[in-house]
Structure formats: structure tokens, C-alpha cells
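Undergrad: I have a structure here, written as C-alpha cells, and I will follow up with some questions on it.
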Amino acid sequence: MAQPPDIGLSEQMQLADLANGLRHLLTIARQGEWDQVTDYCDQLLPILAAVEKADFSPGRGSLASRNDIQETIALMQSAIEKCSERKAQIAPLINALAHAKPD
């Protein structure tokens with residue numbers, strides 16, 4: 001069983017952990033290592049959950065914090081796009097298998 005990720009204590013560290021995790025996810029996805037992507041998502045979920053609970057109110061942070069948030073959102077969008085591309089690539093195979101008749 002994989003060891004749980006070490007999640008930063010401050011909101012800014014949690015955001016940095018998420019951004020680094022998304023960068024790693026994108027790297028392995030771009031390399032076509034989709035089995036690793038699936039495994040890595042299990043490690044990324046606790047970090048995402050921690051960030052989701054954090055208070056990143058727009059007026060609360062500095063300009064640097066807002067830039068970090070925008071960068072993380074852009075990384076999330078890139079990850080979504082990459083995974084959506086893969087889903088579209090494998091959809092015909094999944095559909096064919098779903099409709100195959102057993103012997």
C-alpha cells in the first residue's frame with residue numbers, strides 16, 4: 001500500500017503541494033504512463049481534499065498568492081484536458097468491449 005503524501009500545514013504549502021503534484025501528474029501523462037497516472041491519483045486526492053478545505057478568499061491573499069492560485073488552476077485545467085484526451089482515445093475500445101458477447 002502506498003504511503004500517504006506529506007501534506008503541508010499552511011494553506012500556501014498545501015497549494016504548492018497540489019501544484020507540484022499536478023506537474024508530476026502531467027509529466028507522467030505526457031509520457032503515456034497511464035497506469036502510473038491512475039496510481040498517482042490515489043496519492044493526489046488527499047492533497048486536493050486539503051486544498052479544497054482551505055480558505056483562499058480573493059481579498060485575503062497577496063498578489064503572489066493569487067498568482068499561485070491562478071497557476072494551480074491552469075495546471076488543473078491542463079490535467080483535465082490531458083485526461084479527457086485519453087478518455088476520448090480509449091472510449092471506442094471500452095465501448096467495443098462493453099458490447100462484446102461472451103463466448
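A note on labels: chains of the C-alpha cells are A, B, ... as shown, every chain counts residues from 1, and ligands are counted from 1 in their shown order.
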Leaving out segment 21-29 of chain A and any residue of its chain fewer than 6 positions from it, which residues lie within 10 Å of it when counting only C-alpha atoms, given as a list in words?
TA: Leu15, Asp35, Gln36, Val37, Thr38, Tyr40, Cys41, Gln43, Leu44, Leu45, Ile47, Leu48, Thr72, Ile73, Ala74, Leu75, Met76, Gln77, Ser78, Ala79, Ile80, Lys82, Cys83 and Arg86 of chain A
Undergrad: Quick one: pull the distance between atom CA of Gln89 of chain A and atom CA of Asp39 of chain A, Å, one decimal.
TA: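 For atom CA of Gln89 of chain A relative to atom CA of Asp39 of chain A, the distance reads 19.6 Å.
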Undergrad: Would you mind reading off the distance between atom CA of Asp55 of chain A and atom CA of Ala19 of chain A, one decimal, in Å?
TA: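 Rounded to one decimal, the two atoms are 16.5 Å apart.
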Undergrad: As an exercise, work out the distance from atom CA of Ser10 of chain A to atom CA of Pro46 of chain A in Å and give it to one decimal place.
TA: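 For atom CA of Ser10 of chain A relative to atom CA of Pro46 of chain A, the distance reads 14.7 Å.
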Undergrad: Would you mind telling me which residue in A:Ala64, A:Ala16, A:Ile90, A:Ala100 lies nearest to Trp34 of chain A when using only C-alpha atoms?
TA: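 Closest candidate: A:Ile90.
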